[in-house]
Amino acid sequence: MTEEGAVLERLAELRAIVAHHNQRYYELDDPEITDADYDLLVTELRSLEAAHPEVGEAGSPTSTVGGAPSSQFAPILHLRAMQSLDNAFSDDDLRAWAERLERLLGDETPTLSFSCEPKIDGLAMSLLYRHGRLDRAATRGDGVTGEDVTMNVATIASVPQTLPDPSAAEVPVLEVRGEVFMARADFEAMNDRQRVLGEKTFVNPRNAAAGALRQKDPSITAQRPLSFLAYQLGVVEGVAEGSAWNPSTQHEVIDQLGRAGFLTAAEATVEVGIEAVLERCRAFDARRHDLVYDIDGVVIKVDALELHDRLGSTSRAPRWAIARKFPPEERTTTLLDIEVSVGRTGRVTPFAVLAPVFVGGTTVGVATLHNEDQVLAKDVRPGDLVVVRKAGDVIPEVVGPAPGQRERAGRGEPWSFPASCPSCGQPLRRAEGESDTQCTNRSCHAQLVQQIAYFASRGALDIEGLGEQRVDQLLQAGLITSPASLYRLEASQLEELEGMGELSANNLVAAIAASKARPMHKVVVGLGIHDLGPAGAKVVVRAFPDLHALAAATEDALAALDGIGPTIAKRVVAFMADPEHAQLVAELAALGVGVVEVRDGSLPQNLLGKAIVVTGAIPGYTRESAEQAITDRGGTSPGSVSKKTYCVVAGEAPGASKLTKAEQLGIPVIGADAFAALLEQGELPR
Ligand code: IVH
């Protein structure tokens with residue numbers, strides 16, 4: 001086949017593939033692939049079509065909207081076609097769109113204003129009100145003909161049957177368009193209920209909303225927690241020029257819909273110029289997980305409605321609006337293998353080796369599978385296509401097999417947990433009732449690598465140039481055996497190692513020596529006591545300022561400290577009671593590792609015994625310096641709120657869970673502006 005022939009064949013194939021996925025998504029409410037994988041197919045198809053205009057648009061899914069209306073519902077001919085939106089996947093796509101608008105509108109148009117709205121991941125809906133009363137509700141369908149879902153929509157609490165705004169009663173025909181969706185919390189609660197009942201759970205809120213809306217029996221829809229958010233006016237008949245039902249901008253449309261009794265997006269803003277829009281999209285992306293609904297992007301609309309008419313539409317989408325899609329958080333890829341890694345505590349964790357895939361803003365090649373039960377529950381097997389999720393800062397995770405994998409012929413065998421440690425070969429143990437599998441061999445090489453690398457890491461002794469690989473090499477060469485042994489290394493021993501010269505050997509020895517001057521709490525972190533993080537280590541070190549004192553601390557004395565619970569107190573004592581650990585601690589103390597932290601004695605100790613939790617940014621302070629200001633005055637600054645907390649200082653963007661906890665426990669919360677007074681007075685400012 002000629003190259004040209006192959007391209008045309010791919011084009012035809014893509015049309016069939018996209019049409020198939022349209023049907024799965026719009027008609028069957030049962031998508032087989034993630035939205036991002038679908039978008040990639042459409043993007044490829046569009047670019048082939050653009051390169052081969054001779055093929056024509058007819059029959060292409062790129063020129064159609066949605067899917068065929070189901071015969072399960074009566075057809076409704078839309079008064080005005082319901083269109084789709086074009087997508088922008090990058091800032092440059094958005095800039096190109098704005099430039100095209102300016103070209104189309106000509107030179108005399110001033111800088112454009114845009115309405116920026118969350119793109120809720122739900123189902124488009126048209127509600128027709130006659131004299132203020134809901135007459136019919138229709139899905140988008142293929143854009144021309146929708147499905148009559150009036151009975152189902154009537155069960156949605158946020159769809160007014162009669163508009164409370166009296167002015168609406170005078171409007172003969174009023175079409176409101178918006179999105180039917182399921183709020184994230186409602187979705188979680190519903191899935192919990194389904195689980196308890198042993199019924200099928202839904203993969204995401206969009207899917208759940210689609211399933212709930214397109215029910216034959218409205219009483220089932222009524223049991224599902226659906227909501228409706230209004231964002232557009234369709235056909236409006238019989239209103240005067242100056243009426244509020246005849247607005248001249250998109251933001252006035254949203255305001256009017258809100259006044260008339262509809263739920264509208266509180267997050268919508270108007271931005272002037274495309275660069276401000278880009279900024280706004282970034283802000284939306286950063287906050288997407290804080291919203292009550294799932295959003296997959298931002299819808300950007302030219303604000304002036306008069307320009308909508310001038311700009312017009314293509315066959316499927318208006319030119320005056322575009323959807324800026326966020327980077328995908330879910331993708332499908334091939335699970336190449338399942339391997340296990342050994343952590344510093346001996347915990348053995350399975351992880352997925354994946355064909356690299358771009359998801360959540362980075363390329364992901366490995367993802368955790370947590371533990372044995374998770375692998376079995378998810379039933380993922382090497383060779384499967386799997387859905388990978390990476391949301392925000394959360395570590396990448398394998399959600400499960402892609403739809404259809406379980407039924408696939410020739411699927412691989414279920415994976416089983418290895419019986420022995422991949423590093424030391426000793427048998428692995430999983431205790432009764434525990435979900436973790438452990439390598440219990442104390443001298444396991446992999447564990448030692450992790451322990452020593454952790455000791456040297458940024459959050460602990462911060463030894464530059466001592467990462468996992470270097471530690472591995474030093475252990476293999478027999479030059480070190482424990483964190484303490486690092487301090488006995490000599491440059492002459494290191495010079496001979498592969499990848500090391502005189503200079504780097506001297507540098508490493510100097511970096512190790514310099515780490516002796518780290519504050520004591522960093523050394524305590526470096527010991528790697530389970531669950532004792534940096535905040536806890538600071539609290540402990542205030543009461544037990546050196547390693548000898550800490551080694552002798554009793555469980556009761558530790559548990560009495562604010563920020564240290566009984567579990568951690570037990571862990572610290574158990575750690576110190578272990579002969580190997582005791583030896584390590586004694587050696588580190590003898591080597592003089594860590595500096596006892598002294599307070600600035602010139603300050604009044606007016607916060608003595610008070611635990612003050614800081615959350616969010618306080619102007620003029622870094623996280624560390626705010627904590628320092630508290631500890632310098634005798635107080636402590638634990639990382640979490642408990643009933644022993646004196647007060648919480650909430651700066652900019654405070655942690656919601658800390659505020660909720662404070663509220664539950666009746667702990668006072670003060671703003672960043674009251675922080676200085678708190679330091680000054682040593683008590684809650686009035
Ligand atoms: S305006 C002709 N505004 O996104 C313009 N759509 O991918 C039509 N959507 O079909 C829609 N939030 O289902 C608009 N604020 C918003 C939206 C929004 C979500 C959905 C809608 C539309 C789809 C296009």
# chains A, B, ... in the order shown; residues from 1 in each chain; ligands from 1
call {"tool": "residues_around", "arguments": {"residues": "A:Phe675", "least_positions_apart": "3", "cutoff": "9 Å", "atoms": "only C-alpha atoms", "output": "list in words"}}
result
Ile618, Val649, Ile670, Gly671, Ala672, Leu678, Leu679, Glu680 and Pro685 of chain A
call {"tool": "residues_near_ligand", "arguments": {"ligand": "ligand 1", "cutoff": "7 Å", "atoms": "only C-alpha atoms and all ligand atoms", "output": "NGL selection string"}}
result
:A and (82-85 or 117-124 or 178-179 or 231-232 or 299 or 317-318 or 321 or 323)
call {"tool": "select_by_dssp", "arguments": {"residues": "stretch 141-236 of chain A", "states": "strand (DSSP E or B)", "output": "count of residues only"}}
result
24
call {"tool": "closest_residue", "arguments": {"among": "A:Pro483, A:Pro396, A:Pro225, A:Pro164", "to": "A:Phe262", "atoms": "only C-alpha atoms"}}
result
A:Pro164
call {"tool": "atom_distance", "arguments": {"atom1": "atom CA of A:Glu587", "atom2": "atom CA of A:Ala484"}}
result
6.3 Å
call {"tool": "select_by_dssp", "arguments": {"residues": "stretch 144-326 of chain A", "states": "alpha helix (DSSP H)", "output": "MDAnalysis selection string"}}
result
chainID A and resid 150:153 184:196 205:213 218:223 250:259 274:287 305:311
call {"tool": "residues_around", "arguments": {"residues": "A:Met190", "least_positions_apart": "3", "cutoff": "10 Å", "atoms": "only C-alpha atoms", "output": "ChimeraX atom specification"}}
result
/A:182,184-187,193-196,201-202,205,208,223-225
call {"tool": "residues_around", "arguments": {"residues": "stretch 577-586 of chain A", "least_positions_apart": "4", "cutoff": "7 Å", "atoms": "only C-alpha atoms", "output": "ChimeraX atom specification"}}
result
/A:484,547,573,590
call {"tool": "atom_distance", "arguments": {"atom1": "atom CA of A:Leu558", "atom2": "atom CA of A:Val613"}}
result
18.9 Å
call {"tool": "closest_residue", "arguments": {"among": "A:Asn246, A:Thr34, A:Gln72, A:Ser315", "to": "A:Asp142", "atoms": "only C-alpha atoms"}}
result
A:Ser315
call {"tool": "residues_around", "arguments": {"residues": "A:Asn371", "least_positions_apart": "5", "cutoff": "10 Å", "atoms": "only C-alpha atoms", "output": "compact mmCIF listing (two decimals) with N, CA, C and O atoms, in the first residue's frame"}}
result
# COMPACT_ATOMS: atom_id res chain seq x y z
N VAL A 340 8.01 -6.14 43.26
CA VAL A 340 7.89 -5.68 44.64
C VAL A 340 9.16 -4.93 45.05
O VAL A 340 10.23 -5.20 44.53
N ARG A 347 8.97 -3.47 54.92
CA ARG A 347 7.69 -3.68 54.26
C ARG A 347 7.92 -3.91 52.76
O ARG A 347 8.69 -3.18 52.14
N VAL A 348 7.25 -4.92 52.23
CA VAL A 348 7.43 -5.26 50.82
C VAL A 348 6.18 -4.82 50.06
O VAL A 348 5.08 -5.28 50.35
N THR A 349 6.35 -3.89 49.14
CA THR A 349 5.20 -3.28 48.46
C THR A 349 5.18 -3.64 46.98
O THR A 349 6.18 -3.44 46.29
N PRO A 350 4.06 -4.16 46.50
CA PRO A 350 3.98 -4.42 45.06
C PRO A 350 3.79 -3.13 44.28
O PRO A 350 3.15 -2.20 44.77
N PHE A 351 4.40 -3.06 43.12
CA PHE A 351 4.18 -1.89 42.28
C PHE A 351 4.06 -2.32 40.81
O PHE A 351 4.55 -3.39 40.42
N LEU A 376 -5.10 -8.26 44.45
CA LEU A 376 -6.12 -9.29 44.23
C LEU A 376 -7.49 -8.65 44.00
O LEU A 376 -8.23 -9.05 43.10
N PHE A 417 1.94 -13.08 45.10
CA PHE A 417 3.00 -12.40 45.84
C PHE A 417 4.22 -13.33 45.94
O PHE A 417 4.07 -14.50 46.24
N SER A 435 -2.22 -6.35 56.64
CA SER A 435 -2.30 -6.28 55.18
C SER A 435 -0.91 -6.20 54.55
O SER A 435 -0.75 -6.41 53.35
N ASP A 436 0.11 -5.89 55.38
CA ASP A 436 1.45 -5.76 54.82
C ASP A 436 2.24 -7.06 54.87
O ASP A 436 2.08 -7.85 55.79
N THR A 437 3.09 -7.21 53.88
CA THR A 437 4.01 -8.34 53.84
C THR A 437 5.39 -7.81 54.21
O THR A 437 5.77 -6.72 53.77
call {"tool": "atom_distance", "arguments": {"atom1": "atom CA of A:Ser313", "atom2": "atom CA of A:Arg103"}}
result
15.3 Å
call {"tool": "closest_residue", "arguments": {"among": "A:Gly639, A:Pro328, A:Pro427, A:Pro75", "to": "A:Leu532", "atoms": "only C-alpha atoms"}}
result
A:Gly639
call {"tool": "residues_around", "arguments": {"residues": "stretch 49-51 of chain A", "least_positions_apart": "5", "cutoff": "12 Å", "atoms": "only C-alpha atoms", "output": "ChimeraX atom specification"}}
result
/A:4,7-12,14-15,42-44,56-58,60-63
call {"tool": "closest_residue", "arguments": {"among": "A:Thr345, A:Ser602, A:Ser420, A:Gln23", "to": "A:Gln450", "atoms": "only C-alpha atoms"}}
result
A:Thr345
call {"tool": "residues_around", "arguments": {"residues": "A:Val524", "least_positions_apart": "5", "cutoff": "10 Å", "atoms": "only C-alpha atoms", "output": "ChimeraX atom specification"}}
result
/A:455,460-461,519,529,532-534,536-538,540-541,546-547,550,585,594
call {"tool": "write_last_selection", "arguments": {"atoms": "all heavy atoms", "output": "compact mmCIF listing (two decimals), in the first residue's frame"}}
result
# COMPACT_ATOMS: atom_id res chain seq x y z
N PHE A 455 18.27 8.26 56.16
CA PHE A 455 19.07 9.01 57.15
C PHE A 455 19.75 10.21 56.48
O PHE A 455 19.86 11.29 57.05
CB PHE A 455 20.11 8.06 57.76
CG PHE A 455 20.98 8.68 58.81
CD1 PHE A 455 20.54 8.79 60.12
CD2 PHE A 455 22.26 9.14 58.51
CE1 PHE A 455 21.35 9.35 61.11
CE2 PHE A 455 23.07 9.70 59.49
CZ PHE A 455 22.61 9.82 60.79
N ALA A 460 16.08 14.68 56.70
CA ALA A 460 16.83 14.22 57.87
C ALA A 460 18.20 14.90 57.89
O ALA A 460 18.26 16.12 58.00
CB ALA A 460 16.93 12.70 57.84
N LEU A 461 19.32 14.12 57.72
CA LEU A 461 20.63 14.78 57.87
C LEU A 461 21.12 15.50 56.63
O LEU A 461 22.17 16.14 56.65
CB LEU A 461 21.66 13.77 58.40
CG LEU A 461 21.38 13.67 59.90
CD1 LEU A 461 20.69 12.40 60.24
CD2 LEU A 461 22.59 13.96 60.73
N PRO A 519 20.44 20.26 63.35
CA PRO A 519 19.72 20.29 64.63
C PRO A 519 19.28 18.88 65.04
O PRO A 519 19.02 18.03 64.18
CB PRO A 519 18.52 21.18 64.35
CG PRO A 519 18.45 21.34 62.87
CD PRO A 519 19.81 21.08 62.33
N ILE A 529 11.98 6.29 63.07
CA ILE A 529 11.02 5.66 63.98
C ILE A 529 9.64 5.79 63.35
O ILE A 529 9.23 6.90 62.97
CB ILE A 529 11.04 6.32 65.38
CG1 ILE A 529 12.46 6.26 65.94
CG2 ILE A 529 10.04 5.64 66.31
CD1 ILE A 529 12.66 7.02 67.24
N LEU A 532 6.98 8.80 63.46
CA LEU A 532 7.50 10.00 64.11
C LEU A 532 8.06 10.92 63.02
O LEU A 532 9.20 10.78 62.60
CB LEU A 532 8.57 9.64 65.15
CG LEU A 532 9.08 10.82 65.97
CD1 LEU A 532 7.99 11.37 66.89
CD2 LEU A 532 10.29 10.44 66.81
N GLY A 533 7.24 11.85 62.57
CA GLY A 533 7.64 12.75 61.48
C GLY A 533 8.35 13.97 62.02
O GLY A 533 8.64 14.04 63.23
N PRO A 534 8.61 14.96 61.16
CA PRO A 534 9.36 16.14 61.58
C PRO A 534 8.69 16.92 62.72
O PRO A 534 9.38 17.35 63.65
CB PRO A 534 9.44 16.99 60.31
CG PRO A 534 8.71 16.27 59.25
CD PRO A 534 8.33 14.93 59.73
N GLY A 536 6.60 15.81 65.05
CA GLY A 536 6.72 15.01 66.27
C GLY A 536 8.15 15.04 66.80
O GLY A 536 8.37 15.15 68.02
N ALA A 537 9.13 14.95 65.89
CA ALA A 537 10.53 14.93 66.32
C ALA A 537 10.88 16.24 67.03
O ALA A 537 11.60 16.24 68.02
CB ALA A 537 11.43 14.71 65.11
N LYS A 538 10.33 17.34 66.54
CA LYS A 538 10.62 18.63 67.18
C LYS A 538 10.06 18.67 68.60
O LYS A 538 10.70 19.16 69.52
CB LYS A 538 9.99 19.77 66.37
CG LYS A 538 10.85 20.17 65.19
CD LYS A 538 10.25 21.39 64.51
CE LYS A 538 10.88 21.53 63.14
NZ LYS A 538 10.14 22.42 62.26
N VAL A 540 9.45 16.13 70.56
CA VAL A 540 10.20 15.21 71.40
C VAL A 540 11.53 15.84 71.84
O VAL A 540 11.94 15.77 73.00
CB VAL A 540 10.43 13.89 70.61
CG1 VAL A 540 11.55 13.08 71.23
CG2 VAL A 540 9.14 13.09 70.58
N VAL A 541 12.18 16.50 70.88
CA VAL A 541 13.50 17.07 71.15
C VAL A 541 13.44 18.26 72.12
O VAL A 541 14.37 18.52 72.86
CB VAL A 541 14.17 17.43 69.79
CG1 VAL A 541 15.30 18.40 69.98
CG2 VAL A 541 14.66 16.17 69.12
N ASP A 546 18.78 15.73 73.87
CA ASP A 546 19.85 14.99 73.20
C ASP A 546 19.50 13.50 73.13
O ASP A 546 18.53 13.05 73.73
CB ASP A 546 21.20 15.24 73.86
CG ASP A 546 21.22 14.74 75.29
OD1 ASP A 546 20.85 13.57 75.52
OD2 ASP A 546 21.57 15.55 76.19
N LEU A 547 20.33 12.73 72.41
CA LEU A 547 19.99 11.33 72.15
C LEU A 547 20.01 10.49 73.43
O LEU A 547 19.22 9.56 73.56
CB LEU A 547 20.96 10.75 71.11
CG LEU A 547 20.78 11.32 69.69
CD1 LEU A 547 21.86 10.79 68.76
CD2 LEU A 547 19.41 10.99 69.12
N LEU A 550 16.73 11.13 75.12
CA LEU A 550 15.64 10.49 74.38
C LEU A 550 15.65 8.98 74.61
O LEU A 550 14.60 8.36 74.80
CB LEU A 550 15.76 10.82 72.89
CG LEU A 550 14.64 10.25 72.01
CD1 LEU A 550 13.28 10.75 72.46
CD2 LEU A 550 14.87 10.64 70.55
N VAL A 585 22.06 4.52 68.31
CA VAL A 585 21.85 5.80 69.00
C VAL A 585 23.07 6.15 69.84
O VAL A 585 23.55 7.30 69.82
CB VAL A 585 20.56 5.73 69.85
CG1 VAL A 585 20.44 6.95 70.76
CG2 VAL A 585 19.34 5.62 68.95
N GLY A 594 24.50 15.80 65.52
CA GLY A 594 23.33 16.59 65.94
C GLY A 594 23.71 17.63 66.98
O GLY A 594 24.57 17.41 67.82
